[in-house]
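What follows is the content of data.txt, which has compact mmCIF, C-alpha atoms:
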# COMPACT_ATOMS: atom_id res chain seq x y z
CA MET A 1 -37.35 -25.41 1.52
CA ALA A 2 -34.42 -23.34 2.57
CA ARG A 3 -31.28 -23.75 0.58
CA SER A 4 -28.33 -25.26 2.36
CA SER A 5 -25.56 -22.91 3.30
CA TYR A 6 -21.77 -23.10 3.05
CA PRO A 7 -18.88 -21.10 4.49
CA ALA A 8 -17.60 -18.07 2.61
CA GLU A 9 -14.78 -15.65 3.24
CA VAL A 10 -14.05 -12.28 1.65
CA LEU A 11 -10.44 -11.05 1.80
CA THR A 12 -9.17 -7.64 0.77
CA PRO A 13 -5.78 -5.97 1.21
CA GLU A 14 -7.32 -4.13 4.17
CA GLY A 15 -8.20 -7.38 5.87
CA GLN A 16 -11.10 -9.76 6.10
CA VAL A 17 -14.48 -8.13 5.49
CA TYR A 18 -16.72 -11.16 5.74
CA GLN A 19 -16.62 -14.63 7.15
CA GLY A 20 -19.67 -16.77 7.66
CA GLU A 21 -22.27 -19.05 6.19
CA VAL A 22 -24.04 -18.07 2.98
CA GLU A 23 -26.67 -19.70 0.83
CA MET A 24 -25.66 -18.01 -2.38
CA ILE A 25 -22.99 -15.69 -3.69
CA SER A 26 -23.86 -13.43 -6.56
CA THR A 27 -21.08 -11.67 -8.44
CA ARG A 28 -19.82 -11.10 -11.97
CA THR A 29 -17.12 -12.52 -14.22
CA ALA A 30 -15.92 -11.28 -17.60
CA THR A 31 -18.62 -13.35 -19.29
CA GLY A 32 -21.52 -12.38 -17.09
CA SER A 33 -23.29 -12.74 -13.75
CA LEU A 34 -22.44 -15.70 -11.62
CA GLY A 35 -24.37 -17.23 -8.75
CA VAL A 36 -22.78 -19.89 -6.60
CA LEU A 37 -24.88 -22.25 -4.46
CA ALA A 38 -23.72 -24.91 -2.03
CA ASN A 39 -21.86 -27.98 -3.34
CA HIS A 40 -20.55 -26.19 -6.38
CA ALA A 41 -17.80 -27.87 -8.41
CA PRO A 42 -14.27 -26.56 -7.81
CA LEU A 43 -14.12 -23.19 -9.49
CA MET A 44 -11.58 -20.51 -10.11
CA ALA A 45 -13.05 -17.35 -11.55
CA MET A 46 -11.77 -13.90 -12.32
CA LEU A 47 -14.18 -11.23 -11.12
CA GLU A 48 -15.12 -7.89 -12.61
CA PRO A 49 -16.11 -4.83 -10.55
CA THR A 50 -19.76 -5.17 -9.60
CA GLU A 51 -22.15 -5.41 -6.68
CA LEU A 52 -21.34 -8.46 -4.63
CA LYS A 53 -24.32 -10.01 -2.90
CA LEU A 54 -23.99 -12.55 -0.14
CA TYR A 55 -27.36 -14.18 0.52
CA LYS A 56 -27.37 -15.30 4.11
CA SER A 57 -30.91 -16.67 4.16
CA GLY A 58 -34.09 -16.75 2.12
CA SER A 59 -32.25 -16.65 -1.18
CA GLU A 60 -35.06 -18.42 -3.06
CA ASN A 61 -37.17 -15.34 -2.56
CA PRO A 62 -35.11 -12.27 -3.55
CA GLY A 63 -37.67 -9.85 -2.13
CA SER A 64 -37.31 -10.93 1.48
CA ALA A 65 -33.78 -12.38 1.44
CA GLU A 66 -31.24 -11.36 4.02
CA VAL A 67 -28.38 -10.01 1.89
CA ASP A 68 -24.99 -8.47 2.62
CA ARG A 69 -24.06 -6.11 -0.19
CA PHE A 70 -20.63 -4.85 -1.14
CA ALA A 71 -19.17 -2.77 -3.91
CA GLN A 72 -16.63 -5.26 -5.14
CA GLY A 73 -13.52 -4.43 -7.14
CA GLU A 74 -11.57 -6.76 -9.39
CA GLY A 75 -10.57 -10.04 -7.87
CA TYR A 76 -10.94 -13.78 -7.85
CA LEU A 77 -13.36 -16.36 -6.58
CA GLN A 78 -12.20 -19.76 -5.56
CA VAL A 79 -14.63 -22.52 -4.64
CA VAL A 80 -13.27 -25.77 -3.31
CA ASP A 81 -14.59 -28.41 -0.87
CA ASN A 82 -17.90 -26.61 -0.60
CA SER A 83 -16.38 -23.38 0.68
CA ALA A 84 -15.82 -20.12 -1.12
CA LEU A 85 -12.96 -17.68 -0.92
CA LEU A 86 -13.23 -14.27 -2.53
CA ILE A 87 -9.97 -12.41 -3.00
CA VAL A 88 -10.88 -8.89 -4.09
CA GLU A 89 -9.14 -5.53 -4.30
CA ASP A 90 -12.00 -3.64 -2.69
CA ALA A 91 -15.12 -4.62 -0.85
CA LEU A 92 -16.91 -1.52 0.38
CA ARG A 93 -20.24 -1.33 2.13
CA VAL A 94 -22.66 0.54 -0.07
CA ASP A 95 -22.65 3.56 2.25
CA GLU A 96 -18.84 3.71 2.13
CA ILE A 97 -18.82 4.54 -1.57
CA ASP A 98 -17.33 7.98 -2.10
CA ARG A 99 -19.24 9.22 -5.14
CA PRO A 100 -17.52 12.60 -5.72
CA ALA A 101 -14.09 10.93 -5.54
CA LEU A 102 -15.19 8.26 -7.98
CA GLU A 103 -16.59 10.80 -10.39
CA SER A 104 -13.35 12.76 -10.43
CA ARG A 105 -11.38 9.54 -10.93
CA LEU A 106 -13.65 8.58 -13.80
CA GLU A 107 -13.12 11.96 -15.43
CA GLU A 108 -9.35 11.67 -14.98
CA ALA A 109 -9.31 8.16 -16.41
CA ARG A 110 -11.32 9.25 -19.45
CA GLN A 111 -8.87 12.04 -20.14
CA GLY A 112 -5.95 9.67 -19.65
CA LEU A 113 -7.49 7.27 -22.13
CA GLU A 114 -7.78 10.00 -24.74
CA ASN A 115 -4.12 10.87 -24.38
CA ALA A 116 -2.92 7.27 -24.28
CA GLU A 117 -1.21 5.78 -27.29
CA GLU A 118 -3.15 3.21 -29.25
CA GLY A 119 -2.35 -0.32 -28.10
CA SER A 120 -0.24 0.76 -25.11
CA GLU A 121 -0.42 -0.64 -21.61
CA GLU A 122 -1.55 2.82 -20.51
CA GLN A 123 -4.69 2.54 -22.62
CA ASP A 124 -5.54 -0.86 -21.21
CA ARG A 125 -5.14 0.36 -17.68
CA ARG A 126 -7.33 3.42 -18.14
CA ARG A 127 -10.09 1.23 -19.54
CA ARG A 128 -10.02 -0.94 -16.44
CA GLU A 129 -10.15 2.12 -14.25
CA ILE A 130 -13.18 3.46 -16.11
CA LYS A 131 -14.91 0.11 -15.78
CA ARG A 132 -14.31 0.03 -12.03
CA ALA A 133 -15.52 3.59 -11.44
CA GLU A 134 -18.63 3.08 -13.57
CA ALA A 135 -19.54 -0.15 -11.84
CA PHE A 136 -19.21 1.43 -8.39
CA LEU A 137 -21.19 4.51 -9.37
CA ALA A 138 -24.00 2.31 -10.64
CA ILE A 139 -24.22 0.60 -7.25
CA GLY A 140 -24.30 3.88 -5.35
CA GLY A 141 -27.16 5.05 -7.55
CA GLU A 142 -29.35 2.08 -6.85
CA GLY A 143 -28.77 2.11 -3.13
CA SER A 144 -29.93 5.66 -2.51
CA MET B 145 21.95 40.43 29.41
CA ALA B 146 18.36 39.24 29.14
CA SER B 147 16.00 40.51 31.80
CA GLN B 148 14.09 38.23 34.12
CA LYS B 149 10.94 38.80 32.08
CA ASP B 150 12.62 37.72 28.83
CA VAL B 151 13.85 34.51 30.39
CA LYS B 152 10.41 33.84 31.80
CA SER B 153 8.76 34.15 28.42
CA ARG B 154 11.38 31.88 26.85
CA ILE B 155 10.68 29.25 29.46
CA SER B 156 6.98 29.37 28.74
CA SER B 157 7.54 29.05 24.98
CA VAL B 158 9.81 26.05 25.49
CA LYS B 159 7.15 24.56 27.74
CA ASN B 160 4.65 24.99 24.93
CA ILE B 161 6.97 23.23 22.52
CA GLN B 162 7.31 20.43 25.01
CA LYS B 163 3.55 20.09 25.21
CA ILE B 164 3.22 20.01 21.44
CA THR B 165 5.92 17.41 21.02
CA ARG B 166 4.31 15.30 23.71
CA ALA B 167 0.99 15.47 21.86
CA MET B 168 2.72 14.59 18.58
CA GLU B 169 4.40 11.63 20.19
CA MET B 170 1.08 10.33 21.44
CA VAL B 171 -0.58 10.80 18.06
CA ALA B 172 2.31 9.01 16.36
CA ALA B 173 2.05 6.13 18.84
CA ALA B 174 -1.65 5.68 18.13
CA ARG B 175 -1.11 5.82 14.36
CA LEU B 176 1.80 3.44 14.63
CA ARG B 177 -0.45 0.87 16.24
CA ARG B 178 -2.99 1.25 13.46
CA ALA B 179 -0.31 0.97 10.79
CA GLU B 180 1.00 -2.21 12.40
CA GLN B 181 -2.48 -3.70 12.32
CA ARG B 182 -2.79 -2.92 8.64
CA ILE B 183 0.48 -4.69 7.84
CA GLU B 184 -0.98 -7.71 9.61
CA ALA B 185 -4.29 -7.39 7.75
CA LEU B 186 -2.56 -7.51 4.37
CA ARG B 187 -0.89 -10.84 5.10
CA PRO B 188 -3.79 -13.26 4.51
CA TYR B 189 -4.65 -11.51 1.25
CA ALA B 190 -1.08 -11.72 -0.03
CA ARG B 191 -0.88 -15.36 0.98
CA ALA B 192 -4.16 -16.17 -0.77
CA VAL B 193 -3.00 -14.51 -3.98
CA ARG B 194 0.29 -16.40 -3.88
CA ARG B 195 -1.44 -19.69 -3.30
CA MET B 196 -3.85 -19.02 -6.11
CA THR B 197 -1.02 -18.19 -8.46
CA ARG B 198 0.62 -21.50 -7.72
CA ARG B 199 -2.60 -23.36 -8.44
CA THR B 200 -3.16 -21.43 -11.65
CA VAL B 201 0.37 -22.04 -12.86
CA GLU B 202 -0.14 -25.75 -12.34
CA ALA B 203 -3.22 -25.60 -14.54
CA VAL B 204 -1.80 -23.72 -17.51
CA GLU B 205 -0.60 -25.66 -20.52
CA SER B 206 2.07 -23.17 -21.32
CA ILE B 207 2.98 -20.05 -19.44
CA PRO B 208 1.82 -17.09 -21.47
CA ASN B 209 3.88 -14.13 -22.42
CA LEU B 210 4.13 -11.95 -19.30
CA PRO B 211 5.92 -8.71 -20.14
CA LEU B 212 6.29 -7.67 -16.49
CA LEU B 213 8.35 -10.77 -15.73
CA GLU B 214 10.64 -10.51 -18.71
CA GLU B 215 14.03 -8.96 -18.34
CA HIS B 216 14.83 -6.38 -20.94
CA ASP B 217 17.80 -7.39 -23.09
CA GLU B 218 19.68 -4.24 -22.44
CA VAL B 219 19.29 -2.20 -19.27
CA LYS B 220 19.75 1.41 -20.24
CA ARG B 221 17.31 3.23 -18.02
CA VAL B 222 16.56 2.33 -14.43
CA GLY B 223 13.60 3.69 -12.51
CA LEU B 224 14.13 4.44 -8.83
CA LEU B 225 10.97 4.54 -6.75
CA LEU B 226 11.47 6.36 -3.46
CA ILE B 227 8.87 5.84 -0.75
CA THR B 228 8.88 8.77 1.67
CA GLY B 229 6.37 10.60 3.85
CA ASP B 230 4.35 13.74 3.29
CA ARG B 231 5.52 15.37 6.47
CA GLY B 232 8.82 15.96 8.20
CA LEU B 233 9.63 16.07 11.90
CA ALA B 234 10.43 12.38 11.86
CA GLY B 235 14.16 12.29 12.39
CA ALA B 236 16.15 10.73 9.56
CA PHE B 237 13.11 8.97 8.11
CA ASN B 238 12.84 10.93 4.87
CA SER B 239 16.42 12.03 4.45
CA GLN B 240 17.86 8.52 4.67
CA ILE B 241 15.64 7.44 1.75
CA VAL B 242 16.66 10.39 -0.40
CA ARG B 243 20.28 9.79 0.51
CA ALA B 244 20.05 6.10 -0.43
CA GLY B 245 18.37 7.07 -3.69
CA ASN B 246 21.13 9.48 -4.58
CA ARG B 247 23.81 6.96 -3.77
CA ARG B 248 22.13 4.36 -5.96
CA ALA B 249 21.71 6.91 -8.76
CA ALA B 250 25.42 7.72 -8.62
CA GLU B 251 26.25 4.01 -8.88
CA LEU B 252 23.94 3.57 -11.85
CA LYS B 253 25.34 6.60 -13.61
CA ALA B 254 28.83 5.26 -13.10
CA GLU B 255 27.70 2.13 -14.95
CA GLY B 256 26.52 4.33 -17.78
CA LYS B 257 22.82 3.98 -17.07
CA GLU B 258 20.18 6.65 -17.04
CA VAL B 259 18.05 7.17 -13.94
CA VAL B 260 14.32 7.87 -14.02
CA TRP B 261 12.87 9.11 -10.73
CA TYR B 262 9.59 8.02 -9.23
CA ALA B 263 8.52 9.14 -5.78
CA SER B 264 5.74 8.75 -3.30
CA GLY B 265 5.37 11.28 -0.49
CA LYS B 266 5.69 15.05 -0.56
CA ARG B 267 9.09 15.05 1.11
CA GLY B 268 10.66 12.78 -1.47
CA VAL B 269 9.10 14.58 -4.41
CA SER B 270 10.10 18.04 -3.22
CA SER B 271 13.65 17.17 -2.25
CA LEU B 272 14.23 15.50 -5.63
CA GLU B 273 12.81 18.50 -7.43
CA PHE B 274 14.91 20.80 -5.26
CA ARG B 275 17.99 18.99 -6.48
CA GLY B 276 16.86 19.69 -10.02
CA PHE B 277 15.72 16.16 -10.93
CA ASP B 278 12.70 15.55 -13.04
CA VAL B 279 10.26 13.30 -11.16
CA ALA B 280 8.49 11.18 -13.79
CA VAL B 281 5.82 9.77 -11.50
CA ALA B 282 4.94 11.60 -8.31
CA HIS B 283 2.29 10.56 -5.81
CA GLN B 284 1.56 12.40 -2.60
CA GLY B 285 -1.04 13.31 -0.04
CA PHE B 286 -1.81 9.91 1.43
CA THR B 287 1.21 8.69 3.37
CA ASP B 288 -0.50 9.10 6.76
CA ARG B 289 -2.94 6.42 5.76
CA PRO B 290 -2.22 4.85 2.37
CA ALA B 291 -5.11 3.03 0.72
CA PHE B 292 -4.80 0.08 -1.61
CA ALA B 293 -6.01 2.36 -4.41
CA ASN B 294 -2.85 4.46 -3.91
CA ALA B 295 -0.69 1.39 -4.34
CA ARG B 296 -2.69 0.48 -7.43
CA ASP B 297 -2.07 3.92 -8.92
CA ILE B 298 1.66 3.76 -8.32
CA ALA B 299 1.87 0.16 -9.53
CA GLY B 300 -0.10 1.06 -12.64
CA ASP B 301 2.16 3.99 -13.48
CA VAL B 302 5.37 2.08 -12.91
CA ALA B 303 4.23 -1.08 -14.71
CA THR B 304 3.01 0.94 -17.67
CA GLN B 305 6.39 2.62 -17.95
CA TYR B 306 8.11 -0.74 -17.85
CA VAL B 307 5.90 -2.45 -20.41
CA ASP B 308 5.92 0.51 -22.76
CA GLY B 309 9.73 0.44 -22.66
CA LYS B 310 10.33 3.75 -20.88
CA VAL B 311 12.47 2.00 -18.26
CA ASP B 312 14.30 -1.34 -18.29
CA ARG B 313 14.33 -2.00 -14.57
CA VAL B 314 12.60 -0.55 -11.52
CA GLU B 315 14.03 -0.52 -8.03
CA ILE B 316 12.12 0.45 -4.91
CA ILE B 317 13.70 2.13 -1.90
CA PHE B 318 11.69 2.30 1.32
CA ASN B 319 11.93 2.21 5.10
CA HIS B 320 11.42 -1.34 6.27
CA TYR B 321 9.61 -1.49 9.57
CA GLU B 322 11.37 -3.63 12.14
CA SER B 323 10.19 -2.19 15.42
CA PRO B 324 8.98 1.18 16.66
CA LEU B 325 12.61 2.08 17.32
CA THR B 326 14.33 0.69 14.25
CA GLN B 327 13.69 1.32 10.60
CA THR B 328 16.12 0.12 7.99
CA VAL B 329 16.41 1.28 4.40
CA ARG B 330 15.60 -1.51 1.95
CA GLU B 331 16.47 -1.48 -1.75
CA ASN B 332 14.64 -4.12 -3.78
CA VAL B 333 14.22 -4.81 -7.47
CA LEU B 334 10.54 -4.35 -8.26
CA LEU B 335 10.51 -5.01 -12.01
CA PRO B 336 11.11 -7.44 -13.66
CA LEU B 337 8.96 -9.13 -11.06
CA GLN B 338 11.14 -11.68 -9.36
CA GLU B 339 8.78 -12.85 -6.66
CA MET B 340 6.31 -14.16 -9.20
CA ALA B 341 8.97 -15.52 -11.52
CA GLN B 342 10.07 -17.60 -8.56
CA VAL B 343 6.58 -19.03 -8.05
CA LEU B 344 6.45 -19.88 -11.75
CA ALA B 345 9.86 -21.49 -11.73
CA GLU B 346 8.94 -23.64 -8.73
CA ALA B 347 5.75 -24.84 -10.38
CA GLU B 348 7.51 -25.53 -13.66
CA GLY B 349 10.20 -27.48 -11.88
CA GLU B 350 7.55 -29.78 -10.43
CA VAL B 351 6.02 -30.34 -13.86
CA ASP B 352 9.38 -31.30 -15.34
CA GLU B 353 9.99 -33.86 -12.64
CA GLU B 354 6.65 -35.47 -13.20
CA ASP B 355 7.15 -35.57 -16.92
CA ALA B 356 10.39 -37.40 -16.36
CA SER B 357 8.95 -39.99 -13.97
CA ASP B 358 5.66 -40.95 -15.60
CA HIS B 359 3.95 -39.66 -18.68
CA ASP B 360 0.41 -40.97 -18.41
CA GLY B 361 -1.06 -39.47 -15.23
CA SER B 362 0.43 -36.03 -14.94
CA GLU B 363 -0.73 -33.97 -11.98
CA VAL B 364 -1.32 -31.00 -14.24
CA ASP B 365 -4.03 -32.64 -16.36
CA HIS B 366 -5.58 -33.94 -13.22
CA HIS B 367 -5.94 -30.44 -11.83
CA ARG B 368 -7.22 -28.98 -14.99
CA SER B 369 -9.97 -31.52 -15.52
CA LEU B 370 -11.33 -31.19 -12.00
CA TRP B 371 -11.54 -27.44 -11.84
CA ILE B 372 -13.69 -25.05 -13.74
CA TYR B 373 -11.69 -22.05 -14.89
CA GLU B 374 -13.46 -18.87 -15.82
CA PRO B 375 -11.77 -17.60 -17.98
CA GLU B 376 -8.84 -19.82 -19.03
CA PRO B 377 -6.02 -20.14 -16.46
CA GLU B 378 -3.64 -18.41 -18.87
CA GLU B 379 -5.80 -15.30 -18.73
CA ILE B 380 -6.13 -15.47 -14.95
CA LEU B 381 -2.36 -15.65 -14.69
CA GLN B 382 -2.00 -12.51 -16.77
CA ARG B 383 -4.28 -10.66 -14.39
CA LEU B 384 -2.40 -11.96 -11.35
CA VAL B 385 0.86 -10.28 -12.39
CA PRO B 386 -0.16 -6.69 -11.63
CA ASP B 387 -1.64 -7.91 -8.33
CA PHE B 388 1.81 -8.98 -7.23
CA ILE B 389 3.22 -5.53 -7.94
CA GLU B 390 0.32 -3.84 -6.18
CA ILE B 391 0.76 -5.99 -3.10
CA THR B 392 4.50 -5.38 -3.03
CA ILE B 393 4.03 -1.63 -3.29
CA PHE B 394 1.16 -1.60 -0.79
CA ARG B 395 3.30 -3.48 1.70
CA ALA B 396 6.13 -1.00 1.16
CA LEU B 397 3.71 1.91 1.68
CA LEU B 398 2.34 0.40 4.88
CA GLU B 399 5.78 -0.38 6.24
CA SER B 400 6.91 3.10 5.36
CA THR B 401 3.92 4.59 7.19
CA ALA B 402 4.60 2.48 10.27
CA SER B 403 8.28 3.45 10.11
CA GLU B 404 7.36 7.11 9.76
CA HIS B 405 5.24 7.06 12.88
CA GLY B 406 7.91 5.10 14.72
CA ALA B 407 10.58 7.57 13.68
CA ARG B 408 8.39 10.51 14.60
CA MET B 409 7.72 8.99 17.99
CA SER B 410 11.41 8.73 18.83
CA ALA B 411 12.15 12.14 17.33
CA MET B 412 9.42 13.71 19.45
CA ARG B 413 10.56 11.91 22.57
CA SER B 414 14.08 13.22 22.22
CA ALA B 415 12.69 16.68 21.44
CA GLN B 416 10.83 16.52 24.76
CA GLU B 417 13.98 15.54 26.58
CA ASN B 418 15.87 18.42 24.97
CA ALA B 419 13.09 20.80 25.91
CA GLY B 420 13.25 19.54 29.49
CA GLU B 421 16.97 20.21 29.65
CA MET B 422 16.48 23.64 28.18
CA ILE B 423 13.81 24.48 30.75
CA ASP B 424 16.18 23.44 33.56
CA ASP B 425 18.92 25.65 32.16
CA LEU B 426 16.62 28.59 31.69
CA THR B 427 15.13 28.22 35.15
CA LEU B 428 18.63 28.33 36.61
CA GLU B 429 19.35 31.41 34.56
CA MET B 430 16.16 33.05 35.76
CA ASN B 431 16.92 32.37 39.42
CA ARG B 432 20.37 33.86 38.98
CA GLN B 433 18.82 36.94 37.44
CA ARG B 434 16.36 37.32 40.23
CA GLN B 435 19.08 36.91 42.81
CA ALA B 436 21.14 39.60 41.08
CA GLU B 437 18.19 41.98 41.01
CA ILE B 438 17.42 41.46 44.72
CA THR B 439 21.07 41.98 45.63
CA GLN B 440 21.06 45.14 43.60
CA GLU B 441 17.99 46.44 45.39
CA ILE B 442 19.37 45.66 48.85
CA MET B 443 22.58 47.43 47.99
CA GLU B 444 20.59 50.47 46.89
CA VAL B 445 18.53 50.51 50.09
CA VAL B 446 21.65 50.15 52.23
CA ALA B 447 23.43 52.88 50.31
CA GLY B 448 20.39 55.15 50.73
CA ALA B 449 20.21 54.50 54.50
CA GLU B 450 23.92 55.23 54.89
CA GLY B 451 23.51 58.49 53.06
CA LEU B 452 20.81 59.63 55.49
CA SER B 453 22.64 58.78 58.69

Output the file's structure in the form of C-alpha cells.
Amino acid sequence: MARSSYPAEVLTPEGQVYQGEVEMISTRTATGSLGVLANHAPLMAMLEPTELKLYKSGSENPGSAEVDRFAQGEGYLQVVDNSALLIVEDALRVDEIDRPALESRLEEARQGLENAEEGSEEQDRRRREIKRAEAFLAIGGEGS
Amino acid sequence: MASQKDVKSRISSVKNIQKITRAMEMVAAARLRRAEQRIEALRPYARAVRRMTRRTVEAVESIPNLPLLEEHDEVKRVGLLLITGDRGLAGAFNSQIVRAGNRRAAELKAEGKEVVWYASGKRGVSSLEFRGFDVAVAHQGFTDRPAFANARDIAGDVATQYVDGKVDRVEIIFNHYESPLTQTVRENVLLPLQEMAQVLAEAEGEVDEEDASDHDGSEVDHHRSLWIYEPEPEEILQRLVPDFIEITIFRALLESTASEHGARMSAMRSAQENAGEMIDDLTLEMNRQRQAEITQEIMEVVAGAEGLS
C-alpha cells in the first residue's frame, strides 16, 4: 500500500527550491539520520549537512522510489500540522555541486583550523566548514 | 587647429564610447532586475528563521549565554564593515560608502576609540589600503552576484572577531536599495546583534506577563511538551544566532548589488547623454572646418584664374 503523502517546502536564502507533496523526507540531525513520514508529531530539528532525499512516491521500496535529491547545508526542519518546512542554508541539485571549489575550501578550512587558537570561536567555525565540505563531497562522489 | 580628419576620428571614437555605455546600461538593467528578484527571494527565508526563533525562545527554560548578543562592558575597538562593489563606473556608489566610513571613523577616533576596518568589494578594499589603513577582513570578487556562502564567510569572520574580543562593536555601512534611481547610505550596528535581542526580549516579556497572571498553565510548558526538539531548544537557539548575522549581511550584499547596478545604469545613461552632446559639438566643428577648406580652395581657384587673364 502506498504511503500517504503530506506537503513539504524547502526554503533557502536564494528562494524556494521545492514545494509539493512527499511521502517521506530523509535528512540528518546531530544525532543521526532522520526520516519523517506523514502525521509526524510536531518537531523542530537542527539539521547537519547531508544528502536530503524527498521521496515523492514508492518510498516503501527504495530501489524504485521517485526521489528528489539535494545537497543540503545546515538548517532546520519544522513539522507541524502534518506539513514540513525545511529552512536550509543550501540546497543544491547533485549536478550543481562544484567539486573543485569545495576541495579548495576544505583545504583552506583545514589550514585555518591548524592555525586557530584552542577553544576559540575560529576553531569551532572551521570545524563546521570542514564538516559541510566533506558531506557535500561525499554526495558528489556517490552520484557520479 | 585640428584638421577635418582629426575631428572625424574623434567623432567616431566618441560614438564608440556611446555604444559601449549603452551596452553597459543595458547589462546593468538586466542585472538589476535579477538582483531585485534575489532580494525578494530572501524574504520568506528570513521570515521563517525569525518565526522559528520566536517559537524556540518560547520553548527554552532559560535563555542560554549568547556571546554575539552581549554588549561588551567597555567599547574600545569598533569594527567598520564597508560594503562596496568590485568595479567602478557606477557614479558615487563606491565613493559615498568610503566617505561615510571615513566620517564615522573620525567620529569614533574623536571619542577615543580604535577603528578596525573590514571591507567587501575590491573598490572598498583598495581605497582603504590606498589611504594607508590596514584592512583586517577583506572579501572581494563576488559583488556582481553575491552567494549566501559569501555572506557566511563575512559573517563568520566578523562574528569570530567579536566573540574572541578583537572588536567590541561592529557597524555595517552599505548602499540601501530604494529604487533604480535612488540609493541611500545606511549605517547600522551589526554586533551586538540587536535584531535578535529584540525577538528575545519580546518573547521574555510575554512569559513574564503570564507568570504574573496565572502560575499553573503557563504557555511555555504547553509548547515544550507538545513539540519534539532535536536537540534541546537552547542548543537550537545558539545555532540561530549566526543565522541572523548571515541573513543581515546577505541582505546588505544583495541590496548593495542592486544599488550598484542601479547607480551604474544612471551613470551610463548620463555618459550617453554627454557623448551625444559631444558628438553634436564635434559635428558642428567638422562642418565649420570643411566650410573653411572649401572657401580656401575657391579662393585659390579664383586667384589662379585672375592671374591668367

### Task
For range 425-434 of chain B, list every protein, DNA or RNA residue within 9 Å, evaluated using only C-alpha atoms, and leave out those in the same chain fewer than 5 positions away; present the list as an MDAnalysis selection string.
chainID B and resid 146:149 151:152 154:155 420 439

What are the nearest atom pairs, with distances in Å to one decimal, for all residues of chain B that come at most 9 Å from chain A, using only C-alpha atoms, set out by chain and rising residue number as CSV?
residue,atom,partner,partner_atom,distance
B:Arg182,CA,A:Glu14,CA,6.5
B:Ile183,CA,A:Glu14,CA,8.6
B:Glu184,CA,A:Gly15,CA,8.1
B:Ala185,CA,A:Gly15,CA,4.3
B:Leu186,CA,A:Pro13,CA,4.8
B:Arg187,CA,A:Pro13,CA,7.9
B:Pro188,CA,A:Gly15,CA,7.5
B:Tyr189,CA,A:Pro13,CA,5.7
B:Ala190,CA,A:Pro13,CA,7.5
B:Ala192,CA,A:Ile87,CA,7.3
B:Val193,CA,A:Ile87,CA,7.3
B:Met196,CA,A:Gln78,CA,8.4
B:Thr200,CA,A:Met44,CA,8.6
B:Ala291,CA,A:Glu14,CA,8.2
B:Phe292,CA,A:Pro13,CA,6.7
B:Ala293,CA,A:Glu89,CA,8.5
B:Gly300,CA,A:Arg125,CA,7.2
B:Asp301,CA,A:Glu122,CA,8.0
B:Ala303,CA,A:Glu121,CA,8.3
B:Thr304,CA,A:Glu121,CA,5.5
B:Gln305,CA,A:Glu122,CA,8.3
B:Val307,CA,A:Glu121,CA,6.7
B:Asp308,CA,A:Glu121,CA,6.5
B:Leu370,CA,A:Pro42,CA,6.9
B:Trp371,CA,A:Pro42,CA,4.9
B:Ile372,CA,A:Leu43,CA,4.7
B:Tyr373,CA,A:Met44,CA,5.0
B:Glu374,CA,A:Ala45,CA,4.6
B:Pro375,CA,A:Ala45,CA,6.6
B:Glu376,CA,A:Ala45,CA,8.9
B:Pro377,CA,A:Met44,CA,8.4
B:Glu379,CA,A:Met46,CA,8.9
B:Ile380,CA,A:Met46,CA,6.4
B:Arg383,CA,A:Met46,CA,8.4
B:Asp387,CA,A:Glu89,CA,8.8
B:Ile391,CA,A:Pro13,CA,7.8
B:Phe394,CA,A:Pro13,CA,8.4

### Task
Excluding Phe70 in chain A and residues on its chain fewer than 4 positions from it, collect all residues at most 8 Å away from it, counting all atoms listed in the file, and give them as a ChimeraX atom specification.
/A:51-53,91-94

### Query
Near Arg248 in chain B, counting all atoms listed in the file, which residues have an atom at most 9 Å away, once you skip same-chain residues fewer than 5 positions from it, shown as a PyMOL selection string?
chain B and resi 224+243+253

### Task
Within 12 Å of (-32.6, -17.0, 1.7) (coordinates as in the file), grab all the protein and nucleic acid residues, counting all atoms listed in the file, and write them out as a PyMOL selection string.
chain A and resi 1-5+21-25+37+53-68

Please produce an output containing C-alpha atoms for each residue in the selection, written as a short mmCIF file (atom, residue, chain, number, x, y, z; two decimals), in the coordinates of the input.
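Saved the output as result-v7.cif:
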data_model
loop_
_atom_site.label_atom_id
_atom_site.label_comp_id
_atom_site.auth_asym_id
_atom_site.auth_seq_id
_atom_site.Cartn_x
_atom_site.Cartn_y
_atom_site.Cartn_z
CA MET A 1 -37.35 -25.41 1.52
CA ALA A 2 -34.42 -23.34 2.57
CA ARG A 3 -31.28 -23.75 0.58
CA SER A 4 -28.33 -25.26 2.36
CA SER A 5 -25.56 -22.91 3.30
CA GLU A 21 -22.27 -19.05 6.19
CA VAL A 22 -24.04 -18.07 2.98
CA GLU A 23 -26.67 -19.70 0.83
CA MET A 24 -25.66 -18.01 -2.38
CA ILE A 25 -22.99 -15.69 -3.69
CA LEU A 37 -24.88 -22.25 -4.46
CA LYS A 53 -24.32 -10.01 -2.90
CA LEU A 54 -23.99 -12.55 -0.14
CA TYR A 55 -27.36 -14.18 0.52
CA LYS A 56 -27.37 -15.30 4.11
CA SER A 57 -30.91 -16.67 4.16
CA GLY A 58 -34.09 -16.75 2.12
CA SER A 59 -32.25 -16.65 -1.18
CA GLU A 60 -35.06 -18.42 -3.06
CA ASN A 61 -37.17 -15.34 -2.56
CA PRO A 62 -35.11 -12.27 -3.55
CA GLY A 63 -37.67 -9.85 -2.13
CA SER A 64 -37.31 -10.93 1.48
CA ALA A 65 -33.78 -12.38 1.44
CA GLU A 66 -31.24 -11.36 4.02
CA VAL A 67 -28.38 -10.01 1.89
CA ASP A 68 -24.99 -8.47 2.62
#

### Task
Name the residues in contact with Arg105 in chain A at a cut-off of 12 Å, using all atoms listed in the file, excluding same-chain residues fewer than 4 positions from it; report them as a ChimeraX atom specification.
/A:98-101,109-112,126,128-134,136-137 /B:293,297

Listed atoms of range 6-15 of chain A boxed along x, y and z, 3 Å each side, centre and edge lengths in Å, one decimal, as JSON:
{"center_x": -13.8, "center_y": -13.6, "center_z": 3.3, "size_x": 22.0, "size_y": 25.0, "size_z": 11.1}

### Task
Compute the distance from (5.8, -7.0, -20.0) to each atom, counting only C-alpha atoms, keep the residues with any atom at most 9 Å away, and return them as number ranges by chain; use the coordinates of the file.
B: 209-215, 303-304, 306-309, 336

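Interatomic distance, CA of Ser400 in chain B against CA of Ala280 in chain B: 20.8 Å.
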
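Nearest to Leu335 in chain B of all the residues B:Ser156, B:Thr392, B:Gln440, B:Asn418 is B:Thr392, counting all atoms listed in the file.
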